[in-house]
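Participant: Take a look at this one; I'll ask things after.
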Amino acid sequence: MAFLGSAVRRVVSAVRPPLSPLSRTTARSYSSEPTLEKSVPYEKTLKQEVGKSSGPTKPLPKSAEAVVIGGGSLGCQTIYHLAKMGMTNVVLLERDRLTSGTTWHTAGLLWQLRPSDVEVELLAHTRNVISKDLEEETGLDTGWIENGGLFIASNKQRLDEYKRLMSLGKVYGIESHVLSPAETKDLYPLMNIDDLYGTLYVPKDGTMDPAGTCTTLSRAATARGATVIENCPVSGIQVRTDDLGVKRVKAVETPHGTIETSCVVNCAGVWAPKLGEMAGVKVPLVAMHHAYVVTERIEGIQNMPNVRDHDASVYLRLQGDALSVGGYEQNPVFWDEVSDNFVFSLFDLDWDVFTQHIEGAINRVPALEQTGIKSTVCGPESFTADHKPLMGEAPEVRGFFLGCGFNSAGMMLGGGCGRELAHWIIHGRPEKDMYGYDIRRFHNSLTDNTKWIREKSHESYAKNYSVVFPFDEPLASRNMRKDPFHQVLTEQGCVFQERHGWERPGWFNKDGAAPVKDYDYYGAYDVKKNENYKYNELLGKEYTFDFPPHHEVIKSECLTCRNGVVVFDMSYFGKFYLTGPDAKKAADWLFTADVNKKSGSTVYTCMLNKGGGTEADLTVSRLEPGAANMPLAPQSNGDVYYLAIGGGVAEHNWNHIRTVLQDEGFNCQLTDHSEDMGMISIQGPKSREVLQEVLDADLSNEAFPFSTHKVVSAAGHQVRAMRLSFVGELGWELHIPKDSCLPVYHAVMAAGAKHGIINSGYRAIDSLSIEKGYRHWHADLRPDDTPLESGLGFTCKMKSSIPFQGRDRLEKQKEEGLRRRIVCFTIDEKVPMFGLEAVYRNGTPVGHLRRSDYGFFIDKTIGYGYIRNPDGGVVSADFIKSGEFTLEKMGVTYKAKAHLKSPFDPQNKRVKGIYD
């Protein structure tokens with residue numbers, strides 16, 4: 001019998017040549033023999049023991065409202081929720097048997113707490129479906145076991161992370177307890193607590209059984225009219241082009257017939273990219289080997305909670321009277337040659353890779369050293385660039401939806417994501433904020449870039465169990481998109497952040513340049529690790545839940561902006577033109593604000609979905625029609641609009657606008673000039689004095705009012721100047737043709753030298769904007785927040801009769817009163833907060849902070865969060881004024897003051913150039 005301890009010693013003593021990333025991926029083989037029953041930890045799987053059926057288990061219908069492809073967790077959850085929402089003419093096609101790809105060998109763990117409110121809600125729905133709903137509907141047992149979950153902390157930072165989760169959990173009614181090492185030993189007597197700092201115990205976590213869950217889901221869906229067909233592989237997807245040139249799903253082809261449909265749902269796991277290719281859709285995921293071992297019986301382990309020892313990168317799943325032991329390593333094995341014949345099959349376990357997990361497991365539960373290994377399980381799993389799933393309608397083909405790339409969390413996220421995907425398909429949008437999972441979060445230039453997908457997916461896998469710090473940045477696949485200022489800012493000490501592939505300024509290091517180097521795979525695969533890597537060292541200092549060491553640097557950037565003048569490089573912004581015969585109609589329908597003011601106006605506005613939720617906030621500038629002056633103005637005989645959009649969400653905005661144009665049949669064009677122009681923003685009380693030396697225009701309030709724009713000459717170069725601010729100061733944005741960027745920048749810096757001008761970055765913007773009360777999309781403002789709830793009612797043309805998308809929902813909400821709304825909070829203690837902190841009113845949890853930062857001008861921590869009335873009533877101004885509020889951070893509560901207006905410049909004088 002093999003023992004875990006001897007397995008470690010055997011591998012350590014063996015001398016094997018190192019494998020490169022490529023040779024490692026091809027060196028492994030998979031078993032084509034039927035897998036032995038004991039190789040996985042479940043009593044049953046859904047594979048056929050005898051001869052495989054030669055054809056589909058049911059006749060194929062001629063047509064269907066939707067065809068779900070893939071019979072794993074996501075496919076089964078999606079068809080179940082589609083049927084539950086009333087779509088009965090829906091078909092699931094599975095090439096072999098349900099769960100035969102990756103679902104059948106999954107560990108099936110469910111942890112309720114994550115550092116994301118949306119994920120907490122998704123997990124809660126999965127838990128409800130598996131533990132309650134399915135059994136009530138079908139009378140069948142899904143195999144849910146509620147034995148609890150235990151997160152291990154070996155240091156203070158890790159325990160702080162868990163305390164953040166605990167505070168968020170209180171808002172959602174999730175029971176959790178921070179335990180001391182001694183209390184942990186009482187709960188789990190077999191555990192080694194010598195190196196423990198503490199633990200987080202969640203009593204109602206548990207495990208799921210893939211076969212039991214998927215069988216029950218398919219039966220429940222079938223009972224509601226859905227059709228589940230096994231042994232029916234897909235051989236092609238037909239796509240048609242409509243009269244407007246839009247590609248749409250037409251039919252699904254199989255060797256046994258064709259199903260006409262306008263909707264396909266790709267739930268094919270590691271095989272999803274091949275399915276995407278059939279329709280011309282890019283699916284940016286990679287397949288990797290993911291392994292665990294199942295031990296022999298362990299005396300005293302029965303009824304123990306499942307364990308996640310993040311610092312050892314290992315998990316221990318209770319398996320009756322044994323454990324499954326697995327984890328995430330820094331040198332995972334890629335599976336490059338994905339085989340279509342890989343059914344209920346496993347890879348050979350690579351002990352070189354897996355050994356580190358055994359060492360961590362034995363340290364945590366010493367009894368494992370003398371415990372036998374009953375079986376090894378090494379199967380494929382799909383991983384993505386940011387360790388988040390790929391969901392939503394593909395940008396390339398309407399009606400082609402993704403539900404894949406679940407990073408070995410498909411079972412636990414399946415219920416929540418299946419429900420959102422079903423809602424997306426039926427209603428055109430999900431109910432929750434699913435932007436973090438939406439395929440449109442990635443720029444189209446990246447989704448078929450093999451280097452980007454591979455490097456980012458590797459880093460996300462390797463860091464899966466790392467502490468989630470507020471200001472972390474990736475090291476993989478950097479420098480993919482650089483603006484014209486990149487080199488000169490690098491030389492001046494810029495510490496860059498990565499957004500949407502762009503390098504954007506984060507903050508400026510006073511000790512010189514800190515360039516981002518090529519990715520070194522953390523030294524894995526025999527790749528030489530980067531040495532003397534200043535950027536990585538600076539990033540390491542960010543790894544804290546306290547104020548970072550350069551807190552004072554960011555303070556200096558912020559206060560220079562408030563008292564003098566700074567320049568922000570915002571070139572990564574999306575820059576689109578909307579033109580054509582129906583451009584005015586489209587603008588009226590797309591934008592909540594009335595953007596059809598006279599040429600030269602710039603309007604801050606939102607774009608909504610059909611449910612009234614905010615899909616975007618942006619500025620829209622109306623241009624004079626006329627001859628082309630590219631890239632500053634397109635040729636147009638009629639209405640033309642210039643859209644400037646936060647760069648991190650530009651792809652999402654682009655697709656939202658394009659989808660609305662298609663759905664409404666507007667005859668107009670949307671063109672992208674994001675790469676053709678740079679953009680710098682000069683902000684602060686002295687910005688007018690600086691720019692008056694550079695621009696050939698009168699910058700007085702009368703000649704150049706706030707919220708207007710002009711094409712002017714800057715140091716001999718034509719630029720579009722806009723008087724706007726995202727930080728609450730007097731200032732202008734300069735939108736500059738690419739080739740003119742550096743001369744204009746140098747002219748601005750030369751003119752600003754005597755005024756003490758400095759470069760500043762997005763860390764300062766984050767602080768300055770929250771201090772002013774400006775919203776950040778996908779933080780303070782999401783697709784599940786309406787403008788009325790988020791304090792942006794002023795952007796909505798409700799007093800006019802002009803219809804716009806989502807207006808009917810806003811009118812209804814206005815009539816009924818707000819059941820939730822955003823509130824600004826400040827605390828007097830100088831403690832950092834980062835979002836997710838629980839908000840209490842009179843001792844009752846009413847919400848949590850979405851975003852928090854330090855406001856250096858008012859010298860306080862500021863947070864914004866949405867609060868509800870515990871009795872379900874309206875959240876009025878009186879409700880807010882009459883409450884006593886506290887904020888809970890990591891289990892500690894702080895008295896907070898609620899504000900109905902921003903505590904900084906509530907009269908909005910400074911953007912108008914009024915400095916008393």
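Note on naming: chains are A, B, ... as they come in the structure tokens, residues start from 1 per chain, ligands start from 1 in the order shown.
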Give me, as a PDB file with N, CA and C atoms, in the first residue's frame, all polymer residues having an atom no more than 6 Å from region 634-645 of chain A, counting only C-alpha atoms and skipping those fewer than 2 positions away in the same chain.

Facilitator:
```pdb
ATOM      1  N   PHE A 573      -8.792  55.497 -22.187  1.00  0.00           N
ATOM      2  CA  PHE A 573     -10.235  55.681 -22.375  1.00  0.00           C
ATOM      3  C   PHE A 573     -10.678  55.192 -23.751  1.00  0.00           C
ATOM      4  N   GLY A 574     -11.895  54.646 -23.799  1.00  0.00           N
ATOM      5  CA  GLY A 574     -12.512  54.322 -25.079  1.00  0.00           C
ATOM      6  C   GLY A 574     -12.997  55.600 -25.743  1.00  0.00           C
ATOM      7  N   LYS A 575     -12.789  55.706 -27.061  1.00  0.00           N
ATOM      8  CA  LYS A 575     -13.158  56.924 -27.799  1.00  0.00           C
ATOM      9  C   LYS A 575     -13.908  56.497 -29.059  1.00  0.00           C
ATOM     10  N   PHE A 576     -15.224  56.676 -29.053  1.00  0.00           N
ATOM     11  CA  PHE A 576     -16.077  56.205 -30.147  1.00  0.00           C
ATOM     12  C   PHE A 576     -16.806  57.380 -30.803  1.00  0.00           C
ATOM     13  N   TYR A 577     -17.121  57.207 -32.109  1.00  0.00           N
ATOM     14  CA  TYR A 577     -17.987  58.162 -32.810  1.00  0.00           C
ATOM     15  C   TYR A 577     -19.276  57.461 -33.211  1.00  0.00           C
ATOM     16  N   LEU A 578     -20.396  58.139 -32.990  1.00  0.00           N
ATOM     17  CA  LEU A 578     -21.709  57.658 -33.409  1.00  0.00           C
ATOM     18  C   LEU A 578     -22.212  58.594 -34.500  1.00  0.00           C
ATOM     19  N   THR A 579     -22.391  58.053 -35.700  1.00  0.00           N
ATOM     20  CA  THR A 579     -22.791  58.868 -36.851  1.00  0.00           C
ATOM     21  C   THR A 579     -23.859  58.126 -37.654  1.00  0.00           C
ATOM     22  N   LEU A 618     -20.762  57.807 -18.969  1.00  0.00           N
ATOM     23  CA  LEU A 618     -19.804  58.299 -19.965  1.00  0.00           C
ATOM     24  C   LEU A 618     -20.091  59.765 -20.256  1.00  0.00           C
ATOM     25  N   THR A 619     -19.234  60.384 -21.062  1.00  0.00           N
ATOM     26  CA  THR A 619     -19.538  61.725 -21.563  1.00  0.00           C
ATOM     27  C   THR A 619     -19.808  61.634 -23.060  1.00  0.00           C
ATOM     28  N   VAL A 620     -20.800  62.401 -23.498  1.00  0.00           N
ATOM     29  CA  VAL A 620     -21.174  62.451 -24.910  1.00  0.00           C
ATOM     30  C   VAL A 620     -21.066  63.904 -25.364  1.00  0.00           C
ATOM     31  N   SER A 621     -20.247  64.132 -26.389  1.00  0.00           N
ATOM     32  CA  SER A 621     -20.038  65.479 -26.917  1.00  0.00           C
ATOM     33  C   SER A 621     -20.665  65.574 -28.301  1.00  0.00           C
ATOM     34  N   ARG A 622     -21.457  66.623 -28.508  1.00  0.00           N
ATOM     35  CA  ARG A 622     -22.073  66.820 -29.825  1.00  0.00           C
ATOM     36  C   ARG A 622     -21.135  67.653 -30.685  1.00  0.00           C
ATOM     37  N   LEU A 623     -20.850  67.138 -31.878  1.00  0.00           N
ATOM     38  CA  LEU A 623     -19.903  67.788 -32.783  1.00  0.00           C
ATOM     39  C   LEU A 623     -20.642  68.477 -33.921  1.00  0.00           C
ATOM     40  N   PRO A 625     -21.431  69.007 -37.724  1.00  0.00           N
ATOM     41  CA  PRO A 625     -21.271  68.200 -38.940  1.00  0.00           C
ATOM     42  C   PRO A 625     -20.275  68.880 -39.875  1.00  0.00           C
ATOM     43  N   GLY A 626     -19.623  68.089 -40.704  1.00  0.00           N
ATOM     44  CA  GLY A 626     -18.666  68.675 -41.639  1.00  0.00           C
ATOM     45  C   GLY A 626     -17.653  67.677 -42.146  1.00  0.00           C
ATOM     46  N   ALA A 627     -16.585  68.208 -42.743  1.00  0.00           N
ATOM     47  CA  ALA A 627     -15.549  67.356 -43.339  1.00  0.00           C
ATOM     48  C   ALA A 627     -14.753  66.659 -42.241  1.00  0.00           C
ATOM     49  N   ALA A 628     -14.124  65.549 -42.636  1.00  0.00           N
ATOM     50  CA  ALA A 628     -13.347  64.765 -41.671  1.00  0.00           C
ATOM     51  C   ALA A 628     -12.113  65.531 -41.224  1.00  0.00           C
ATOM     52  N   MET A 630      -9.737  63.681 -39.080  1.00  0.00           N
ATOM     53  CA  MET A 630      -9.437  62.501 -38.271  1.00  0.00           C
ATOM     54  C   MET A 630      -8.101  62.647 -37.543  1.00  0.00           C
TER      55      MET A 630
END
```

Participant: Once DSSP has gone over the backbone, tell me which residues of region 296-396 of chain A are in strand (DSSP E or B), as a ChimeraX atom specification.

Facilitator: /A:306-309,314-319,322-327,334,347,372-384,390-393

Participant: Mind dumping the selected residues with N, CA, C and O atoms as a tab-separated table (two decimals), in the first residue's frame?

Facilitator:
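File selection_4.tsv, as written:
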```
chain	number	residue	atom	x	y	z
A	306	ASN	N	-14.83	20.34	5.89
A	306	ASN	CA	-13.85	20.44	4.82
A	306	ASN	C	-12.88	21.57	5.16
A	306	ASN	O	-13.26	22.53	5.84
A	307	VAL	N	-11.66	21.45	4.67
A	307	VAL	CA	-10.60	22.39	5.06
A	307	VAL	C	-9.98	23.03	3.82
A	307	VAL	O	-9.71	22.33	2.83
A	308	ARG	N	-9.78	24.33	3.89
A	308	ARG	CA	-8.99	25.02	2.87
A	308	ARG	C	-7.81	25.68	3.58
A	308	ARG	O	-7.99	26.64	4.33
A	309	ASP	N	-6.61	25.16	3.36
A	309	ASP	CA	-5.41	25.76	3.91
A	309	ASP	C	-4.77	26.58	2.78
A	309	ASP	O	-3.95	26.09	2.02
A	314	VAL	N	-3.75	24.08	-0.35
A	314	VAL	CA	-4.27	22.71	-0.33
A	314	VAL	C	-5.69	22.71	0.26
A	314	VAL	O	-6.03	23.56	1.09
A	315	TYR	N	-6.51	21.78	-0.22
A	315	TYR	CA	-7.82	21.57	0.39
A	315	TYR	C	-7.96	20.12	0.81
A	315	TYR	O	-7.36	19.21	0.23
A	316	LEU	N	-8.75	19.90	1.87
A	316	LEU	CA	-9.01	18.56	2.40
A	316	LEU	C	-10.53	18.39	2.44
A	316	LEU	O	-11.21	19.03	3.24
A	317	ARG	N	-11.04	17.54	1.57
A	317	ARG	CA	-12.48	17.32	1.48
A	317	ARG	C	-12.85	16.04	2.20
A	317	ARG	O	-12.28	14.97	1.93
A	318	LEU	N	-13.79	16.13	3.13
A	318	LEU	CA	-14.23	14.93	3.84
A	318	LEU	C	-14.87	13.95	2.86
A	318	LEU	O	-15.69	14.32	2.03
A	319	GLN	N	-14.45	12.70	2.98
A	319	GLN	CA	-14.94	11.66	2.08
A	319	GLN	C	-15.40	10.47	2.92
A	319	GLN	O	-14.76	9.42	2.94
A	322	ALA	N	-12.65	9.11	5.02
A	322	ALA	CA	-11.37	9.39	4.36
A	322	ALA	C	-11.34	10.85	3.93
A	322	ALA	O	-12.27	11.61	4.19
A	323	LEU	N	-10.25	11.24	3.28
A	323	LEU	CA	-10.12	12.61	2.76
A	323	LEU	C	-9.72	12.59	1.30
A	323	LEU	O	-8.97	11.71	0.85
A	324	SER	N	-10.21	13.58	0.56
A	324	SER	CA	-9.65	13.91	-0.75
A	324	SER	C	-8.71	15.08	-0.53
A	324	SER	O	-9.07	16.05	0.15
A	325	VAL	N	-7.51	14.99	-1.09
A	325	VAL	CA	-6.49	16.01	-0.89
A	325	VAL	C	-6.09	16.58	-2.25
A	325	VAL	O	-5.68	15.83	-3.15
A	326	GLY	N	-6.24	17.89	-2.42
A	326	GLY	CA	-5.85	18.52	-3.68
A	326	GLY	C	-5.45	19.95	-3.45
A	326	GLY	O	-5.41	20.42	-2.31
A	327	GLY	N	-5.15	20.67	-4.53
A	327	GLY	CA	-4.75	22.07	-4.39
A	327	GLY	C	-4.36	22.69	-5.70
A	327	GLY	O	-4.62	22.15	-6.78
A	334	PHE	N	-0.38	21.98	-18.55
A	334	PHE	CA	-1.33	22.38	-19.59
A	334	PHE	C	-1.72	21.16	-20.43
A	334	PHE	O	-0.89	20.28	-20.69
A	347	PHE	N	-6.06	11.49	-16.45
A	347	PHE	CA	-4.64	11.51	-16.79
A	347	PHE	C	-3.87	10.70	-15.76
A	347	PHE	O	-4.35	10.45	-14.65
A	372	GLY	N	-2.82	5.41	3.79
A	372	GLY	CA	-2.67	4.92	2.42
A	372	GLY	C	-3.44	5.76	1.41
A	372	GLY	O	-4.40	6.46	1.74
A	373	ILE	N	-2.97	5.71	0.17
A	373	ILE	CA	-3.65	6.38	-0.94
A	373	ILE	C	-4.53	5.33	-1.64
A	373	ILE	O	-4.02	4.35	-2.19
A	374	LYS	N	-5.82	5.57	-1.61
A	374	LYS	CA	-6.75	4.62	-2.23
A	374	LYS	C	-6.78	4.81	-3.75
A	374	LYS	O	-6.81	3.85	-4.51
A	375	SER	N	-6.78	6.08	-4.19
A	375	SER	CA	-6.84	6.33	-5.64
A	375	SER	C	-6.34	7.73	-5.94
A	375	SER	O	-6.30	8.61	-5.07
A	376	THR	N	-5.94	7.93	-7.17
A	376	THR	CA	-5.53	9.25	-7.66
A	376	THR	C	-6.52	9.69	-8.72
A	376	THR	O	-7.00	8.89	-9.52
A	377	VAL	N	-6.84	10.98	-8.70
A	377	VAL	CA	-7.79	11.53	-9.67
A	377	VAL	C	-7.13	12.75	-10.31
A	377	VAL	O	-6.86	13.74	-9.64
A	378	CYS	N	-6.84	12.66	-11.60
A	378	CYS	CA	-6.24	13.78	-12.32
A	378	CYS	C	-7.01	13.96	-13.61
A	378	CYS	O	-6.89	13.14	-14.53
A	379	GLY	N	-7.82	14.99	-13.65
A	379	GLY	CA	-8.65	15.21	-14.84
A	379	GLY	C	-8.47	16.62	-15.36
A	379	GLY	O	-7.83	17.47	-14.74
A	380	PRO	N	-9.06	16.91	-16.51
A	380	PRO	CA	-8.94	18.26	-17.08
A	380	PRO	C	-9.93	19.22	-16.46
A	380	PRO	O	-11.04	18.84	-16.08
A	381	GLU	N	-9.52	20.47	-16.31
A	381	GLU	CA	-10.42	21.56	-15.92
A	381	GLU	C	-10.08	22.76	-16.79
A	381	GLU	O	-8.96	22.89	-17.29
A	382	SER	N	-11.06	23.65	-16.97
A	382	SER	CA	-10.83	24.83	-17.81
A	382	SER	C	-10.53	26.04	-16.92
A	382	SER	O	-11.18	26.23	-15.89
A	383	PHE	N	-9.55	26.82	-17.35
A	383	PHE	CA	-9.14	28.00	-16.58
A	383	PHE	C	-9.07	29.22	-17.49
A	383	PHE	O	-8.77	29.11	-18.68
A	384	THR	N	-9.33	30.38	-16.90
A	384	THR	CA	-9.42	31.62	-17.67
A	384	THR	C	-8.41	32.65	-17.17
A	384	THR	O	-7.75	32.46	-16.15
A	390	LEU	N	-16.65	32.43	-18.06
A	390	LEU	CA	-17.00	33.14	-19.29
A	390	LEU	C	-18.49	32.94	-19.50
A	390	LEU	O	-18.96	31.81	-19.70
A	391	MET	N	-19.24	34.04	-19.46
A	391	MET	CA	-20.68	33.95	-19.59
A	391	MET	C	-21.20	35.05	-20.50
A	391	MET	O	-20.51	36.00	-20.83
A	392	GLY	N	-22.44	34.88	-20.93
A	392	GLY	CA	-23.12	35.91	-21.70
A	392	GLY	C	-23.08	35.68	-23.19
A	392	GLY	O	-22.50	34.70	-23.68
A	393	GLU	N	-23.68	36.61	-23.92
A	393	GLU	CA	-23.77	36.49	-25.38
A	393	GLU	C	-22.43	36.88	-26.00
A	393	GLU	O	-21.85	37.91	-25.66
```

Participant: Which one of A:Thr78, A:Thr99, A:Ser800, A:Ser760 sits closest to Glu230 (chain A) if you count only C-alpha atoms?

Facilitator: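 Among the listed residues, A:Thr99 lies closest to Glu230 (chain A).
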
Participant: Have a look at A:Gly883, A:Pro332, A:Gly236, A:Pro56 and name the one nearest to Asn842 (chain A); count only C-alpha atoms.

Facilitator: A:Gly883

Participant: From the set A:Asn128, A:Ser100, A:Asn869, A:Asn609, which residue has the shortest atom-to-atom contact distance to His427 (chain A), counting only C-alpha atoms?

Facilitator: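 Comparing A:Asn128, A:Ser100, A:Asn869, A:Asn609 against His427 (chain A), the winner is A:Asn609.
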
Participant: Let me make sure I understand: among A:Met434, A:Ala896, A:Val202, A:Cys606, which one has the smallest atom-to-atom distance to Glu146 (chain A) if we use only C-alpha atoms?

Facilitator: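 Under the stated criterion, the closest residue is A:Val202.
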
Participant: Distance CA of Gly728 (chain A)-CA of Leu768 (chain A), one decimal place?

Facilitator: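 Going from CA of Gly728 (chain A) over to CA of Leu768 (chain A) covers 7.5 Å.
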
Participant: List the neighbours of Pro783 (chain A) out to 6 Å using only C-alpha atoms; skip same-chain residues closer than 2 positions along the sequence, and give me the result as a compact mmCIF listing (two decimals) with C-alpha atoms, in the first residue's frame.

Facilitator:
```
# COMPACT_ATOMS: atom_id res chain seq x y z
CA ASP A 433 -24.38 42.26 -11.83
CA GLY A 613 -29.97 49.19 -14.45
CA THR A 614 -26.91 51.24 -15.35
CA GLU A 615 -24.82 49.62 -18.07
CA ASP A 785 -28.24 49.79 -9.79
```

Participant: Using only C-alpha atoms for the distances, tell me which of A:Ile880, A:Ala753, A:Leu168, A:Val911 is nearest to Asn701 (chain A).

Facilitator: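 For Asn701 (chain A), the nearest of the given residues is A:Val911.
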
Participant: For a test of reading the model, state the distance in Å between CA of Gly835 (chain A) and CA of Phe471 (chain A), rounded to one decimal.

Facilitator: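 Distance between the two atoms: 12.0 Å.
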
Participant: When distances are computed from only C-alpha atoms, which of A:Pro366, A:Gly761, A:Gly280, A:Gly913 shows the smallest separation from Leu489 (chain A)?

Facilitator: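 Under the stated criterion, the closest residue is A:Gly761.
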
Participant: Among region 462-707 of chain A, which residues carry a DSSP assignment of helix (DSSP H, G or I), reported as a PyMOL selection string?

Facilitator: chain A and resi 462+486-491+521-526+534-541+551-563+583-590+647-664+687-692

Participant: Extract, using only C-alpha atoms, all DNA, RNA and protein residues at most 10 Å from Pro470 (chain A), discarding same-chain residues fewer than 6 positions from it, and format them as number ranges by chain.

Facilitator: A: 542-545, 833-835

Participant: Write the residues you've just listed into a file as a PDB file, in the first residue's frame, and include C-alpha atoms for each of them.

Facilitator:
```pdb
ATOM      1  CA  GLU A 542       1.020  46.777  -1.508  1.00  0.00           C
ATOM      2  CA  TYR A 543       0.204  43.417   0.080  1.00  0.00           C
ATOM      3  CA  THR A 544      -1.413  44.787   3.194  1.00  0.00           C
ATOM      4  CA  PHE A 545      -4.834  45.565   4.627  1.00  0.00           C
ATOM      5  CA  MET A 833     -11.309  50.539   4.348  1.00  0.00           C
ATOM      6  CA  PHE A 834     -11.525  49.006   0.896  1.00  0.00           C
ATOM      7  CA  GLY A 835     -15.147  48.000   0.333  1.00  0.00           C
TER       8      GLY A 835
END
```
